[in-house]
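Enquirer: Structure: start12.cif, mmCIF, N, CA and C atoms.
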```cif
data_data
#
loop_
_atom_site.label_atom_id
_atom_site.label_comp_id
_atom_site.auth_asym_id
_atom_site.auth_seq_id
_atom_site.Cartn_x
_atom_site.Cartn_y
_atom_site.Cartn_z
N PRO A 131 -40.13 55.64 -18.15
CA PRO A 131 -39.84 55.87 -16.74
C PRO A 131 -39.07 57.19 -16.55
N HIS A 132 -39.31 57.83 -15.43
CA HIS A 132 -38.60 59.05 -15.10
C HIS A 132 -37.21 58.66 -14.63
N GLU A 133 -36.20 59.18 -15.30
CA GLU A 133 -34.81 58.75 -15.06
C GLU A 133 -34.34 58.97 -13.63
N GLU A 134 -34.64 60.11 -13.07
CA GLU A 134 -34.14 60.46 -11.74
C GLU A 134 -34.78 59.63 -10.63
N THR A 135 -36.04 59.28 -10.76
CA THR A 135 -36.76 58.60 -9.67
C THR A 135 -37.08 57.13 -9.96
N GLY A 136 -37.03 56.74 -11.21
CA GLY A 136 -37.39 55.37 -11.57
C GLY A 136 -38.89 55.13 -11.63
N VAL A 137 -39.69 56.19 -11.45
CA VAL A 137 -41.14 56.05 -11.51
C VAL A 137 -41.56 55.74 -12.94
N LYS A 138 -42.38 54.70 -13.09
CA LYS A 138 -42.77 54.24 -14.42
C LYS A 138 -44.03 54.92 -14.94
N GLY A 139 -44.79 55.55 -14.04
CA GLY A 139 -45.97 56.30 -14.45
C GLY A 139 -47.01 55.44 -15.14
N PHE A 140 -47.39 55.82 -16.35
CA PHE A 140 -48.41 55.10 -17.10
C PHE A 140 -47.96 53.67 -17.43
N PHE A 141 -46.66 53.45 -17.43
CA PHE A 141 -46.13 52.12 -17.74
C PHE A 141 -45.92 51.27 -16.49
N GLY A 142 -46.32 51.78 -15.36
CA GLY A 142 -46.18 51.03 -14.11
C GLY A 142 -47.08 49.81 -14.10
N THR A 143 -46.56 48.73 -13.59
CA THR A 143 -47.33 47.48 -13.53
C THR A 143 -47.52 47.01 -12.08
N GLY A 144 -47.18 47.88 -11.13
CA GLY A 144 -47.34 47.53 -9.71
C GLY A 144 -48.80 47.41 -9.34
N ARG A 145 -49.04 46.97 -8.13
CA ARG A 145 -50.41 46.69 -7.68
C ARG A 145 -51.10 47.90 -7.06
N VAL A 146 -50.46 49.08 -7.16
CA VAL A 146 -51.07 50.32 -6.72
C VAL A 146 -51.31 51.18 -7.95
N MET A 147 -52.53 51.70 -8.06
CA MET A 147 -52.87 52.57 -9.19
C MET A 147 -53.25 53.94 -8.64
N PHE A 148 -52.51 54.96 -9.04
CA PHE A 148 -52.83 56.33 -8.68
C PHE A 148 -53.63 56.94 -9.81
N VAL A 149 -54.75 57.59 -9.46
CA VAL A 149 -55.61 58.22 -10.47
C VAL A 149 -55.70 59.71 -10.17
N ALA A 150 -55.19 60.51 -11.10
CA ALA A 150 -55.27 61.97 -11.01
C ALA A 150 -56.49 62.44 -11.81
N GLU A 151 -56.76 63.74 -11.74
CA GLU A 151 -57.92 64.30 -12.44
C GLU A 151 -57.82 64.22 -13.95
N ARG A 152 -56.78 64.84 -14.48
CA ARG A 152 -56.66 64.99 -15.93
C ARG A 152 -55.21 65.33 -16.24
N PRO A 153 -54.82 65.23 -17.51
CA PRO A 153 -53.45 65.63 -17.87
C PRO A 153 -53.19 67.08 -17.48
N SER A 154 -52.01 67.34 -17.01
CA SER A 154 -51.64 68.67 -16.54
C SER A 154 -51.72 69.70 -17.65
N THR A 155 -52.10 70.90 -17.26
CA THR A 155 -52.09 72.03 -18.19
C THR A 155 -51.08 73.07 -17.75
N ARG A 156 -50.29 72.73 -16.73
CA ARG A 156 -49.28 73.67 -16.23
C ARG A 156 -48.06 73.68 -17.12
N GLY A 157 -47.63 74.84 -17.47
CA GLY A 157 -46.34 75.04 -18.10
C GLY A 157 -46.08 74.39 -19.43
N GLY A 158 -46.34 73.16 -19.60
CA GLY A 158 -46.03 72.47 -20.84
C GLY A 158 -44.92 71.45 -20.68
N LYS A 159 -44.21 71.49 -19.57
CA LYS A 159 -43.14 70.53 -19.31
C LYS A 159 -43.74 69.31 -18.62
N ILE A 160 -43.53 68.14 -19.20
CA ILE A 160 -44.07 66.91 -18.62
C ILE A 160 -42.91 65.94 -18.41
N PRO A 161 -42.64 65.47 -17.21
CA PRO A 161 -43.30 65.87 -15.97
C PRO A 161 -42.81 67.24 -15.52
N ASP A 162 -43.68 67.97 -14.83
CA ASP A 162 -43.27 69.28 -14.32
C ASP A 162 -42.65 69.10 -12.94
N ASP A 163 -42.24 70.19 -12.34
CA ASP A 163 -41.52 70.13 -11.06
C ASP A 163 -42.36 69.49 -9.95
N LEU A 164 -43.66 69.76 -9.94
CA LEU A 164 -44.52 69.17 -8.91
C LEU A 164 -44.69 67.67 -9.11
N ASP A 165 -44.79 67.24 -10.38
CA ASP A 165 -44.84 65.81 -10.67
C ASP A 165 -43.58 65.12 -10.16
N ILE A 166 -42.43 65.74 -10.38
CA ILE A 166 -41.16 65.14 -9.96
C ILE A 166 -41.08 65.02 -8.44
N GLU A 167 -41.58 66.04 -7.73
CA GLU A 167 -41.62 65.95 -6.26
C GLU A 167 -42.50 64.79 -5.82
N PHE A 168 -43.63 64.61 -6.50
CA PHE A 168 -44.51 63.49 -6.21
C PHE A 168 -43.80 62.17 -6.49
N PHE A 169 -43.10 62.08 -7.61
CA PHE A 169 -42.35 60.87 -7.96
C PHE A 169 -41.31 60.54 -6.89
N LYS A 170 -40.64 61.56 -6.37
CA LYS A 170 -39.64 61.34 -5.32
C LYS A 170 -40.29 60.75 -4.07
N LEU A 171 -41.48 61.20 -3.78
CA LEU A 171 -42.21 60.66 -2.63
C LEU A 171 -42.59 59.20 -2.87
N LEU A 172 -43.01 58.87 -4.08
CA LEU A 172 -43.33 57.48 -4.41
C LEU A 172 -42.10 56.60 -4.26
N ARG A 173 -40.98 57.09 -4.76
CA ARG A 173 -39.73 56.33 -4.66
C ARG A 173 -39.32 56.12 -3.20
N LYS A 174 -39.49 57.17 -2.39
CA LYS A 174 -39.13 57.08 -0.97
C LYS A 174 -39.84 55.91 -0.29
N PHE A 175 -41.07 55.64 -0.72
CA PHE A 175 -41.85 54.56 -0.11
C PHE A 175 -41.95 53.33 -1.02
N ASN A 176 -40.99 53.21 -1.94
CA ASN A 176 -40.87 52.04 -2.81
C ASN A 176 -42.14 51.79 -3.64
N LEU A 177 -42.74 52.86 -4.13
CA LEU A 177 -43.94 52.76 -4.96
C LEU A 177 -43.67 53.21 -6.40
N GLN A 178 -42.41 53.20 -6.80
CA GLN A 178 -42.07 53.68 -8.14
C GLN A 178 -42.61 52.80 -9.27
N ASP A 179 -43.05 51.57 -8.95
CA ASP A 179 -43.63 50.70 -9.99
C ASP A 179 -45.14 50.90 -10.12
N SER A 180 -45.70 51.84 -9.35
CA SER A 180 -47.14 52.10 -9.40
C SER A 180 -47.57 52.57 -10.79
N HIS A 181 -48.80 52.25 -11.10
CA HIS A 181 -49.40 52.73 -12.35
C HIS A 181 -50.04 54.08 -12.05
N ILE A 182 -49.69 55.09 -12.83
CA ILE A 182 -50.23 56.44 -12.63
C ILE A 182 -51.01 56.81 -13.88
N THR A 183 -52.26 57.20 -13.66
CA THR A 183 -53.11 57.50 -14.80
C THR A 183 -54.02 58.68 -14.45
N ASP A 184 -54.89 59.03 -15.37
CA ASP A 184 -55.83 60.13 -15.18
C ASP A 184 -57.25 59.63 -15.37
N LEU A 185 -58.16 60.23 -14.63
CA LEU A 185 -59.58 59.94 -14.79
C LEU A 185 -60.05 60.44 -16.16
N ILE A 186 -59.69 61.66 -16.48
CA ILE A 186 -59.98 62.23 -17.80
C ILE A 186 -58.72 62.12 -18.62
N LYS A 187 -58.82 61.53 -19.78
CA LYS A 187 -57.63 61.20 -20.57
C LYS A 187 -57.18 62.31 -21.51
N CYS A 188 -58.07 63.23 -21.85
CA CYS A 188 -57.72 64.25 -22.83
C CYS A 188 -57.38 65.57 -22.14
N ARG A 189 -56.38 66.22 -22.66
CA ARG A 189 -55.96 67.51 -22.11
C ARG A 189 -57.00 68.56 -22.46
N GLY A 190 -57.34 69.37 -21.51
CA GLY A 190 -58.27 70.47 -21.74
C GLY A 190 -57.81 71.68 -20.97
N THR A 191 -58.60 72.71 -20.98
CA THR A 191 -58.25 73.91 -20.25
C THR A 191 -58.77 73.83 -18.82
N VAL A 192 -58.22 74.66 -17.96
CA VAL A 192 -58.69 74.73 -16.58
C VAL A 192 -60.15 75.17 -16.56
N LYS A 193 -60.50 76.10 -17.43
CA LYS A 193 -61.88 76.59 -17.52
C LYS A 193 -62.84 75.43 -17.83
N GLU A 194 -62.45 74.57 -18.77
CA GLU A 194 -63.29 73.41 -19.11
C GLU A 194 -63.43 72.46 -17.92
N ALA A 195 -62.33 72.27 -17.21
CA ALA A 195 -62.35 71.35 -16.06
C ALA A 195 -63.25 71.85 -14.94
N LYS A 196 -63.44 73.15 -14.86
CA LYS A 196 -64.28 73.72 -13.81
C LYS A 196 -65.75 73.78 -14.18
N CYS A 197 -66.07 73.56 -15.43
CA CYS A 197 -67.46 73.57 -15.88
C CYS A 197 -68.08 72.20 -15.57
N PRO A 198 -69.08 72.12 -14.67
CA PRO A 198 -69.64 70.82 -14.26
C PRO A 198 -70.15 69.96 -15.42
N GLU A 199 -70.80 70.56 -16.39
CA GLU A 199 -71.34 69.79 -17.52
C GLU A 199 -70.21 69.21 -18.37
N GLU A 200 -69.18 70.03 -18.60
CA GLU A 200 -68.03 69.56 -19.40
C GLU A 200 -67.26 68.48 -18.65
N TRP A 201 -67.08 68.68 -17.35
CA TRP A 201 -66.40 67.69 -16.51
C TRP A 201 -67.13 66.35 -16.59
N ASP A 202 -68.44 66.38 -16.40
CA ASP A 202 -69.24 65.17 -16.41
C ASP A 202 -69.17 64.47 -17.77
N ARG A 203 -69.25 65.25 -18.84
CA ARG A 203 -69.16 64.68 -20.19
C ARG A 203 -67.82 63.99 -20.42
N ARG A 204 -66.76 64.64 -19.97
CA ARG A 204 -65.41 64.06 -20.16
C ARG A 204 -65.21 62.81 -19.32
N VAL A 205 -65.68 62.83 -18.09
CA VAL A 205 -65.56 61.64 -17.24
C VAL A 205 -66.32 60.49 -17.88
N GLU A 206 -67.53 60.76 -18.30
CA GLU A 206 -68.37 59.73 -18.93
C GLU A 206 -67.69 59.11 -20.15
N SER A 207 -67.06 59.95 -20.97
CA SER A 207 -66.44 59.42 -22.19
C SER A 207 -65.11 58.71 -21.91
N CYS A 208 -64.45 59.06 -20.81
CA CYS A 208 -63.15 58.46 -20.51
C CYS A 208 -63.21 57.27 -19.55
N LEU A 209 -64.30 57.14 -18.82
CA LEU A 209 -64.41 56.08 -17.82
C LEU A 209 -64.16 54.67 -18.37
N PRO A 210 -64.65 54.33 -19.56
CA PRO A 210 -64.36 52.99 -20.08
C PRO A 210 -62.86 52.70 -20.21
N PHE A 211 -62.07 53.72 -20.51
CA PHE A 211 -60.62 53.53 -20.64
C PHE A 211 -59.98 53.29 -19.28
N LEU A 212 -60.46 54.00 -18.26
CA LEU A 212 -59.96 53.76 -16.90
C LEU A 212 -60.33 52.35 -16.45
N LEU A 213 -61.55 51.94 -16.72
CA LEU A 213 -61.97 50.59 -16.32
C LEU A 213 -61.12 49.52 -17.02
N GLU A 214 -60.76 49.77 -18.26
CA GLU A 214 -59.90 48.83 -18.99
C GLU A 214 -58.51 48.78 -18.36
N GLU A 215 -57.99 49.93 -17.96
CA GLU A 215 -56.69 49.96 -17.27
C GLU A 215 -56.75 49.16 -15.97
N ILE A 216 -57.83 49.34 -15.23
CA ILE A 216 -58.00 48.61 -13.97
C ILE A 216 -58.02 47.10 -14.24
N GLU A 217 -58.70 46.70 -15.28
CA GLU A 217 -58.77 45.28 -15.65
C GLU A 217 -57.38 44.73 -15.99
N ILE A 218 -56.57 45.51 -16.64
CA ILE A 218 -55.22 45.08 -17.02
C ILE A 218 -54.29 45.04 -15.82
N ILE A 219 -54.28 46.10 -15.02
CA ILE A 219 -53.35 46.22 -13.89
C ILE A 219 -53.76 45.36 -12.70
N LYS A 220 -55.07 45.22 -12.48
CA LYS A 220 -55.60 44.49 -11.33
C LYS A 220 -54.99 45.00 -10.02
N PRO A 221 -55.21 46.29 -9.73
CA PRO A 221 -54.58 46.87 -8.54
C PRO A 221 -55.18 46.34 -7.23
N VAL A 222 -54.35 46.29 -6.21
CA VAL A 222 -54.78 45.95 -4.86
C VAL A 222 -55.53 47.16 -4.28
N VAL A 223 -55.06 48.33 -4.65
CA VAL A 223 -55.67 49.57 -4.18
C VAL A 223 -55.61 50.62 -5.29
N ILE A 224 -56.69 51.38 -5.40
CA ILE A 224 -56.74 52.52 -6.31
C ILE A 224 -56.66 53.75 -5.44
N VAL A 225 -55.72 54.62 -5.75
CA VAL A 225 -55.50 55.81 -4.94
C VAL A 225 -55.95 57.04 -5.73
N ALA A 226 -57.00 57.67 -5.24
CA ALA A 226 -57.51 58.89 -5.86
C ALA A 226 -56.64 60.06 -5.40
N ILE A 227 -56.09 60.77 -6.35
CA ILE A 227 -55.27 61.94 -6.04
C ILE A 227 -56.21 63.14 -5.94
N GLY A 228 -56.56 63.48 -4.72
CA GLY A 228 -57.44 64.61 -4.48
C GLY A 228 -58.89 64.23 -4.26
N ARG A 229 -59.60 65.15 -3.64
CA ARG A 229 -61.00 64.94 -3.27
C ARG A 229 -61.91 64.78 -4.48
N ARG A 230 -61.67 65.56 -5.53
CA ARG A 230 -62.57 65.53 -6.69
C ARG A 230 -62.57 64.15 -7.36
N VAL A 231 -61.40 63.57 -7.54
CA VAL A 231 -61.31 62.24 -8.15
C VAL A 231 -61.94 61.20 -7.24
N TYR A 232 -61.69 61.31 -5.95
CA TYR A 232 -62.25 60.35 -4.98
C TYR A 232 -63.78 60.37 -5.05
N LYS A 233 -64.36 61.56 -5.02
CA LYS A 233 -65.82 61.67 -5.09
C LYS A 233 -66.35 61.08 -6.40
N GLU A 234 -65.65 61.32 -7.48
CA GLU A 234 -66.10 60.82 -8.79
C GLU A 234 -66.03 59.30 -8.86
N LEU A 235 -64.97 58.71 -8.35
CA LEU A 235 -64.85 57.25 -8.36
C LEU A 235 -65.95 56.61 -7.51
N LYS A 236 -66.25 57.24 -6.38
CA LYS A 236 -67.35 56.74 -5.54
C LYS A 236 -68.69 56.90 -6.26
N ARG A 237 -68.91 58.06 -6.84
CA ARG A 237 -70.17 58.34 -7.54
C ARG A 237 -70.40 57.37 -8.69
N ARG A 238 -69.33 56.95 -9.33
CA ARG A 238 -69.43 56.02 -10.47
C ARG A 238 -69.44 54.55 -10.03
N GLY A 239 -69.47 54.29 -8.73
CA GLY A 239 -69.62 52.93 -8.21
C GLY A 239 -68.33 52.13 -8.09
N LEU A 240 -67.19 52.74 -8.31
CA LEU A 240 -65.95 51.98 -8.23
C LEU A 240 -65.59 51.59 -6.80
N ALA A 241 -66.04 52.37 -5.82
CA ALA A 241 -65.74 52.05 -4.42
C ALA A 241 -66.44 50.78 -3.97
N GLU A 242 -67.48 50.38 -4.68
CA GLU A 242 -68.19 49.14 -4.34
C GLU A 242 -67.45 47.91 -4.87
N LYS A 243 -66.58 48.12 -5.87
CA LYS A 243 -65.88 47.01 -6.51
C LYS A 243 -64.41 46.92 -6.15
N PHE A 244 -63.82 48.06 -5.76
CA PHE A 244 -62.38 48.13 -5.54
C PHE A 244 -62.08 48.86 -4.23
N LYS A 245 -60.90 48.54 -3.68
CA LYS A 245 -60.43 49.27 -2.51
C LYS A 245 -59.90 50.62 -3.01
N ILE A 246 -60.52 51.70 -2.54
CA ILE A 246 -60.13 53.04 -2.98
C ILE A 246 -59.73 53.87 -1.77
N LYS A 247 -58.59 54.51 -1.88
CA LYS A 247 -58.09 55.43 -0.86
C LYS A 247 -57.92 56.80 -1.51
N ARG A 248 -57.95 57.83 -0.68
CA ARG A 248 -57.74 59.18 -1.18
C ARG A 248 -56.51 59.77 -0.53
N ILE A 249 -55.73 60.49 -1.32
CA ILE A 249 -54.60 61.24 -0.79
C ILE A 249 -54.79 62.71 -1.16
N THR A 250 -54.12 63.55 -0.42
CA THR A 250 -54.09 64.97 -0.71
C THR A 250 -53.47 65.17 -2.09
N HIS A 251 -54.00 66.08 -2.87
CA HIS A 251 -53.42 66.31 -4.20
C HIS A 251 -52.03 66.91 -4.01
N TYR A 252 -51.06 66.31 -4.67
CA TYR A 252 -49.67 66.72 -4.47
C TYR A 252 -49.39 68.15 -4.91
N SER A 253 -50.09 68.65 -5.93
CA SER A 253 -49.83 70.03 -6.35
C SER A 253 -50.25 71.00 -5.24
N TYR A 254 -51.33 70.69 -4.53
CA TYR A 254 -51.74 71.50 -3.38
C TYR A 254 -50.74 71.34 -2.24
N ALA A 255 -50.35 70.11 -1.96
CA ALA A 255 -49.44 69.85 -0.84
C ALA A 255 -48.10 70.55 -0.99
N PHE A 256 -47.61 70.64 -2.22
CA PHE A 256 -46.29 71.24 -2.45
C PHE A 256 -46.35 72.74 -2.71
N THR A 257 -47.56 73.32 -2.77
CA THR A 257 -47.67 74.76 -3.03
C THR A 257 -48.52 75.42 -1.95
N ARG A 258 -49.78 75.67 -2.23
CA ARG A 258 -50.65 76.41 -1.32
C ARG A 258 -50.83 75.76 0.05
N GLY A 259 -50.80 74.45 0.11
CA GLY A 259 -51.04 73.76 1.37
C GLY A 259 -49.81 73.55 2.22
N LYS A 260 -48.67 73.93 1.71
CA LYS A 260 -47.41 73.70 2.42
C LYS A 260 -47.42 74.30 3.83
N LYS A 261 -47.90 75.52 3.94
CA LYS A 261 -47.94 76.19 5.25
C LYS A 261 -48.96 75.56 6.19
N ARG A 262 -49.89 74.81 5.64
CA ARG A 262 -50.93 74.18 6.47
C ARG A 262 -50.59 72.74 6.83
N GLY A 263 -49.39 72.30 6.51
CA GLY A 263 -48.98 70.94 6.85
C GLY A 263 -49.41 69.88 5.85
N ALA A 264 -49.86 70.31 4.67
CA ALA A 264 -50.36 69.35 3.68
C ALA A 264 -49.24 68.45 3.14
N GLU A 265 -48.03 68.97 3.07
CA GLU A 265 -46.92 68.15 2.57
C GLU A 265 -46.64 66.98 3.51
N GLN A 266 -46.64 67.24 4.82
CA GLN A 266 -46.42 66.17 5.80
C GLN A 266 -47.58 65.19 5.78
N LYS A 267 -48.79 65.71 5.62
CA LYS A 267 -49.98 64.84 5.56
C LYS A 267 -49.88 63.91 4.36
N LEU A 268 -49.50 64.46 3.20
CA LEU A 268 -49.35 63.64 1.99
C LEU A 268 -48.30 62.56 2.20
N CYS A 269 -47.22 62.91 2.82
CA CYS A 269 -46.15 61.94 3.08
C CYS A 269 -46.68 60.77 3.93
N LYS A 270 -47.44 61.08 4.96
CA LYS A 270 -48.03 60.04 5.81
C LYS A 270 -49.04 59.20 5.04
N GLU A 271 -49.83 59.85 4.18
CA GLU A 271 -50.82 59.12 3.39
C GLU A 271 -50.15 58.12 2.45
N ILE A 272 -49.08 58.55 1.81
CA ILE A 272 -48.37 57.65 0.89
C ILE A 272 -47.68 56.53 1.65
N GLU A 273 -47.16 56.83 2.83
CA GLU A 273 -46.57 55.78 3.65
C GLU A 273 -47.61 54.72 3.98
N GLU A 274 -48.82 55.13 4.30
CA GLU A 274 -49.91 54.18 4.59
C GLU A 274 -50.26 53.35 3.35
N ILE A 275 -50.27 53.98 2.21
CA ILE A 275 -50.55 53.26 0.95
C ILE A 275 -49.47 52.19 0.73
N SER A 276 -48.23 52.53 1.03
CA SER A 276 -47.13 51.56 0.81
C SER A 276 -47.28 50.32 1.67
N LYS A 277 -47.97 50.44 2.79
CA LYS A 277 -48.15 49.29 3.68
C LYS A 277 -49.23 48.33 3.20
N ILE A 278 -50.14 48.80 2.34
CA ILE A 278 -51.24 47.92 1.88
C ILE A 278 -51.04 47.46 0.45
N ARG A 279 -49.91 47.72 -0.14
CA ARG A 279 -49.70 47.42 -1.55
C ARG A 279 -49.65 45.95 -1.89
N ASN A 280 -49.38 45.11 -0.94
CA ASN A 280 -49.25 43.66 -1.26
C ASN A 280 -50.47 42.87 -0.88
#
```
What does the file become when written as structure tokens?
Expert:
Amino acid sequence: PHEETGVKGFFGTGRVMFVAERPSTRGGKIPDDLDIEFFKLLRKFNLQDSHITDLIKCRGTVKEAKCPEEWDRRVESCLPFLLEEIEIIKPVVIVAIGRRVYKELKRRGLAEKFKIKRITHYSYAFTRGKKRGAEQKLCKEIEEISKIRN
């Protein structure tokens, strides 16, 4: 668990599962500053027990993540692990962090089996999207998620 926020991350056993794209390649510090800001938002809405995971489990380069064939290969090889996590956690809602993950979960048929919501990617909301109101939008999205967690 993250000491400052109480967020359990991968060890979360709550009924909300957040799914990000892949392990971060920023900086090397885990969690990084943007992750911590996201954790603070989860804590604000009492979601610190949420399970946080990645669609792609192995760390790669940004260049690899942008290559459609490589992306598809990695998703295909990692999907069974995500499905196993879902089976263990039994989430009430799966929250796709960002449009790319949301589209992939739908494409792989998970939206037919599980309640899936999408939120703005926090790294965008706290950086490039800040001037466009993305941070406030993310805050509202997480507040809505907190209302359906039970």
Enquirer: For Thr250 (chain A), find every residue with an atom within 6.5 Å (counting all atoms listed in the file), except residues of its own chain fewer than 3 positions away, and show them as a list in words.
Expert: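 Skipping anything fewer than 3 positions along the chain leaves Ile227, Gly228, Arg229, Ser253, Tyr254, Ala255, Lys267 and Leu268 of chain A.
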Enquirer: Interatomic distance between atom N of Gly259 (chain A) and atom C of Lys170 (chain A)?
Expert: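 It comes out at 17.8 Å.
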Enquirer: Set the distance at 8 Å and use only N, CA and C atoms: which residues neighbour Phe169 (chain A) once local chain neighbours fewer than 6 positions away are removed? I'd like the list as an mmCIF file with N, CA and C atoms, in the frame of the given file.
Expert:
```cif
data_model
loop_
_atom_site.group_PDB
_atom_site.id
_atom_site.type_symbol
_atom_site.label_atom_id
_atom_site.label_comp_id
_atom_site.auth_asym_id
_atom_site.auth_seq_id
_atom_site.Cartn_x
_atom_site.Cartn_y
_atom_site.Cartn_z
ATOM 1 N N GLU A 134 -34.640 60.110 -13.070
ATOM 2 C CA GLU A 134 -34.140 60.460 -11.740
ATOM 3 C C GLU A 134 -34.780 59.630 -10.630
ATOM 4 N N THR A 135 -36.040 59.280 -10.760
ATOM 5 C CA THR A 135 -36.760 58.600 -9.670
ATOM 6 C C THR A 135 -37.080 57.130 -9.960
ATOM 7 N N GLY A 136 -37.030 56.740 -11.210
ATOM 8 C CA GLY A 136 -37.390 55.370 -11.570
ATOM 9 C C GLY A 136 -38.890 55.130 -11.630
ATOM 10 N N VAL A 137 -39.690 56.190 -11.450
ATOM 11 C CA VAL A 137 -41.140 56.050 -11.510
ATOM 12 C C VAL A 137 -41.560 55.740 -12.940
ATOM 13 N N ASP A 163 -42.240 70.190 -12.340
ATOM 14 C CA ASP A 163 -41.520 70.130 -11.060
ATOM 15 C C ASP A 163 -42.360 69.490 -9.950
ATOM 16 N N PHE A 175 -41.070 55.640 -0.720
ATOM 17 C CA PHE A 175 -41.850 54.560 -0.110
ATOM 18 C C PHE A 175 -41.950 53.330 -1.020
ATOM 19 N N LEU A 177 -42.740 52.860 -4.130
ATOM 20 C CA LEU A 177 -43.940 52.760 -4.960
ATOM 21 C C LEU A 177 -43.670 53.210 -6.400
ATOM 22 N N GLN A 178 -42.410 53.200 -6.800
ATOM 23 C CA GLN A 178 -42.070 53.680 -8.140
ATOM 24 C C GLN A 178 -42.610 52.800 -9.270
#
```
Enquirer: Could you please determine the separation between atom N of Leu171 (chain A) and atom N of Tyr252 (chain A) in Å, to one decimal place?
Expert: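 Straight-line distance from atom N of Leu171 (chain A) to atom N of Tyr252 (chain A) works out to 10.9 Å.
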Enquirer: Between atom N of Ile249 (chain A) and CA of Val205 (chain A), what is the distance in Å, rounded to a tenth?
Expert: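 Atom N of Ile249 (chain A) sits 18.7 Å away from CA of Val205 (chain A).
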Enquirer: I'd like the residues picked by the PyMOL selection byres (((chain A and resi 278 and name CA) around 12) and name CA) written out as a list in words, using the chain letters and numbers from the file.
Expert: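 That expression, the PyMOL selection byres (((chain A and resi 278 and name CA) around 12) and name CA), corresponds here to Arg145, Val146, Phe175, Leu177, Pro221, Val222, Val223, Ile224, Val225, Lys245, Ile246, Lys247, Glu271, Ile272, Glu273, Glu274, Ile275, Ser276, Lys277, Arg279 and Asn280 of chain A.
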Enquirer: Would you kindly return, as a list in words, each protein, DNA or RNA residue with an atom no farther than 12 Å from any atom of Glu215 (chain A), considering only C-alpha atoms and excluding same-chain residues fewer than 2 positions away?
Expert: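 Answer for this query is Phe140, Phe141, Gly142, Thr143, Arg145, Val146, Met147, Phe148, Val149, His181, Ile182, Thr183, Asp184, Leu185, Lys187, Cys208, Leu209, Pro210, Phe211, Leu212, Leu213, Glu217, Ile218, Ile219, Lys220, Pro221 and Ile224 of chain A.
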Enquirer: How would you write, as a count of residues only, the set of residues in chain A that DSSP gives as helix (DSSP H, G or I)?
Expert: 75
Enquirer: Could you check which of A:Ala226, A:Leu172, A:Cys188, A:Cys269 is closest to Leu240 (chain A), using only C-alpha atoms?
Expert: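 Among A:Ala226, A:Leu172, A:Cys188, A:Cys269, it is A:Ala226 that comes nearest to Leu240 (chain A).
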Enquirer: Just asking: which residues within region 207-249 of chain A are strand (DSSP E or B) according to DSSP, as an mmCIF file with N, CA and C atoms, in the frame of the given file?
Expert:
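Done, and the output landed in result24.cif:
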```
data_model
loop_
_atom_site.group_PDB
_atom_site.id
_atom_site.type_symbol
_atom_site.label_atom_id
_atom_site.label_comp_id
_atom_site.auth_asym_id
_atom_site.auth_seq_id
_atom_site.Cartn_x
_atom_site.Cartn_y
_atom_site.Cartn_z
ATOM 1 N N VAL A 223 -55.060 48.330 -4.650
ATOM 2 C CA VAL A 223 -55.670 49.570 -4.180
ATOM 3 C C VAL A 223 -55.610 50.620 -5.290
ATOM 4 N N ILE A 224 -56.690 51.380 -5.400
ATOM 5 C CA ILE A 224 -56.740 52.520 -6.310
ATOM 6 C C ILE A 224 -56.660 53.750 -5.440
ATOM 7 N N VAL A 225 -55.720 54.620 -5.750
ATOM 8 C CA VAL A 225 -55.500 55.810 -4.940
ATOM 9 C C VAL A 225 -55.950 57.040 -5.730
ATOM 10 N N ALA A 226 -57.000 57.670 -5.240
ATOM 11 C CA ALA A 226 -57.510 58.890 -5.860
ATOM 12 C C ALA A 226 -56.640 60.060 -5.400
ATOM 13 N N ILE A 227 -56.090 60.770 -6.350
ATOM 14 C CA ILE A 227 -55.270 61.940 -6.040
ATOM 15 C C ILE A 227 -56.210 63.140 -5.940
ATOM 16 N N ILE A 246 -60.520 51.700 -2.540
ATOM 17 C CA ILE A 246 -60.130 53.040 -2.980
ATOM 18 C C ILE A 246 -59.730 53.870 -1.770
ATOM 19 N N LYS A 247 -58.590 54.510 -1.880
ATOM 20 C CA LYS A 247 -58.090 55.430 -0.860
ATOM 21 C C LYS A 247 -57.920 56.800 -1.510
ATOM 22 N N ARG A 248 -57.950 57.830 -0.680
ATOM 23 C CA ARG A 248 -57.740 59.180 -1.180
ATOM 24 C C ARG A 248 -56.510 59.770 -0.530
ATOM 25 N N ILE A 249 -55.730 60.490 -1.320
ATOM 26 C CA ILE A 249 -54.600 61.240 -0.790
ATOM 27 C C ILE A 249 -54.790 62.710 -1.160
#
```
Enquirer: Enclose the full set of atoms of region 257-269 of chain A listed in the file within a box whose edges lie along x, y and z, apply 5 Å of padding to each of the six sides, and report centre and edge lengths in Å to one decimal as JSON.
Expert:
```
{"center_x": -48.6, "center_y": 68.6, "center_z": 1.9, "size_x": 14.9, "size_y": 25.6, "size_z": 19.9}
```
Enquirer: Taking into account only N, CA and C atoms, which residue in the set A:Ala264, A:Gly190, A:Leu164, A:Ser180 is nearest to Arg152 (chain A)?
Expert: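 Checking each candidate against Arg152 (chain A), we get A:Gly190 as the closest.
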